[in-house]
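Working notes for the structure below.
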Amino acid sequence: MGKIGVWLIGARGSVATTAVAGAAALRAGLAARTGCVTDLPDFAGAAVPAVGDLVFGGHDVVGTPLVKRVEQLAAAGVLPAALPGAVAAELDAAEARLRPAPSGPGRAAIEQVVADLTEFRRHVDHVVVINVASTEPPCPPHPAHASLAALDQALDVLPPSARYAYAAFRAGCGFVDFTPSTGARLPALDEFARVTGQPYAGRDGKTGETLLRSVLAPMFAQRGLNVLAWSGTNLLGGGDGATLADPAAASSKNASKQQVLARNLDRPVDGEVHIDYVPALGDWKTAWDHVLFEGFLGTRMTLQLTWQGCDSALAAPLVLDLARLTGKACRDGVAGPVAEFGFFFKDPVGDGPPDLASQYAALREWAHR
């Protein structure tokens, strides 16, 4: 089937590091494939690239070697203690393919990314660029975003995630936005993906609280129960929590979270999500949700739930799934948004269904098509 290059934006972050180390562990038979959707029986025979076909590279603003990052995550209890030594050779090989993130203005940064991706592509059959970097604030609208012709003359108005999307399409690579950042969600970049014949998907990986919402909200709708308010509080540590302590970045995350409720309930409901940064939590997160709903004869009732999880352990297998599926899309000549990947995202591209069960069915059908 050929090799699939996976270029990670934020390659030394916790999610990317866990994905690279996890792929190495899977290849060596050191770990079960728990959490890997593409390894479920429903996807057997779907000709999805294997984990062993993935070759990792990427950009990051920090220089801590991958082996050291894996050691840090193991010391924090995120990864097994013996894993750093067991996969050190594969980590070193991936480390040799990492490059410093571009720091110049828009056009210069894009040229550097295109050059790095072009060099990377020489050693694989297809490349998928996956954004697992920090969340960006919402992108202010600009007339140049409306068309490719206008954007080509105003590349400096793009936020970093959109620069990567532009560079990916120009270098002939697929693109996945695992964050709630702008990414490829501009009309001009959608046009560019179609012109260059590249697939893209996103945005904002659905790993915890919102995963539950995409299951529970349809339950209320299908039982005819009237949801009056849905409120949540998230406690986050680690780099993600530090980024989302910025109200501007948090607004991007909250907007993608609320999309799931609005689409599944066919209307907005009262309530907000509050995000608190708790450094001592490290890579773990806790989410509390309070649902106020109305039943027969107007009787009011509540559902309260708690979700506690390790962000990297939840996200990393999905990153591997998306690398494999988008690699298949590249190999099969798919161009433009892949709505069937909505199963993985809070605010997916395209016109796919909003509930998790229907999204799973659409993904399974796409994989076998």
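Numbering starts fresh at 1 for the residues of each chain in the structure tokens, the chains themselves are lettered A, B, ... in the order given, and ligands are numbered from 1 as they appear.
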
Per DSSP on the backbone, filter stretch 108-222 of chain A down to the residues in strand (DSSP E) and report them as a list in words.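 So, restricting stretch 108-222 of chain A to strand (DSSP E), we get His126, Val127, Val128, Val129, Ile130, Asn131, Gly174, Phe175, Val176, Asp177, Pro199, Tyr200, Ala201 and Gly202 of chain A.
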
Could you give me, as a tab-separated table, a per-residue list for stretch 61-132 of chain A showing, wherever an atom lies at most 8 Å from an atom of stretch 161-179 of chain A, the closest pair of atoms and their distance in Å to one decimal, using only C-alpha atoms and sorting by chain then residue number from low to high?
residue	atom	partner	partner_atom	distance
A:Gly106	CA	A:Arg163	CA	6.9
A:Ala109	CA	A:Arg163	CA	7.7
A:Ile110	CA	A:Ala167	CA	5.5
A:Glu111	CA	A:Ala167	CA	7.5
A:Val113	CA	A:Ala167	CA	6.2
A:Val114	CA	A:Ala167	CA	5.3
A:Leu117	CA	A:Ala171	CA	6.5
A:Thr118	CA	A:Ala171	CA	6.0
A:His126	CA	A:Cys173	CA	6.9
A:Val127	CA	A:Cys173	CA	5.0
A:Val128	CA	A:Gly174	CA	4.6
A:Val129	CA	A:Phe175	CA	4.8
A:Ile130	CA	A:Val176	CA	4.7
A:Asn131	CA	A:Asp177	CA	4.9
A:Val132	CA	A:Phe178	CA	5.6

Just list the residues in stretch 77-227 of chain A DSSP gives helix (DSSP H, G or I) on the backbone, as a ChimeraX atom specification. /A:83-86,88-95,106-121,143-146,148-151,155-157,160-170,187-196,209-222

Compare A:Asp190, A:Ser214, A:Thr306, A:Ala335 by their minimum atom-to-atom distance to A:Tyr360, counting only C-alpha atoms, and give me the closest one.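 Between A:Asp190, A:Ser214, A:Thr306, A:Ala335, the residue approaching A:Tyr360 most closely is A:Ser214.
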
Of the candidates A:His274, A:Arg121, A:Arg194, A:Lys257, which one gets nearest to A:Val338 if we count only C-alpha atoms?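 Result for the nearest residue to A:Val338: A:Arg194.
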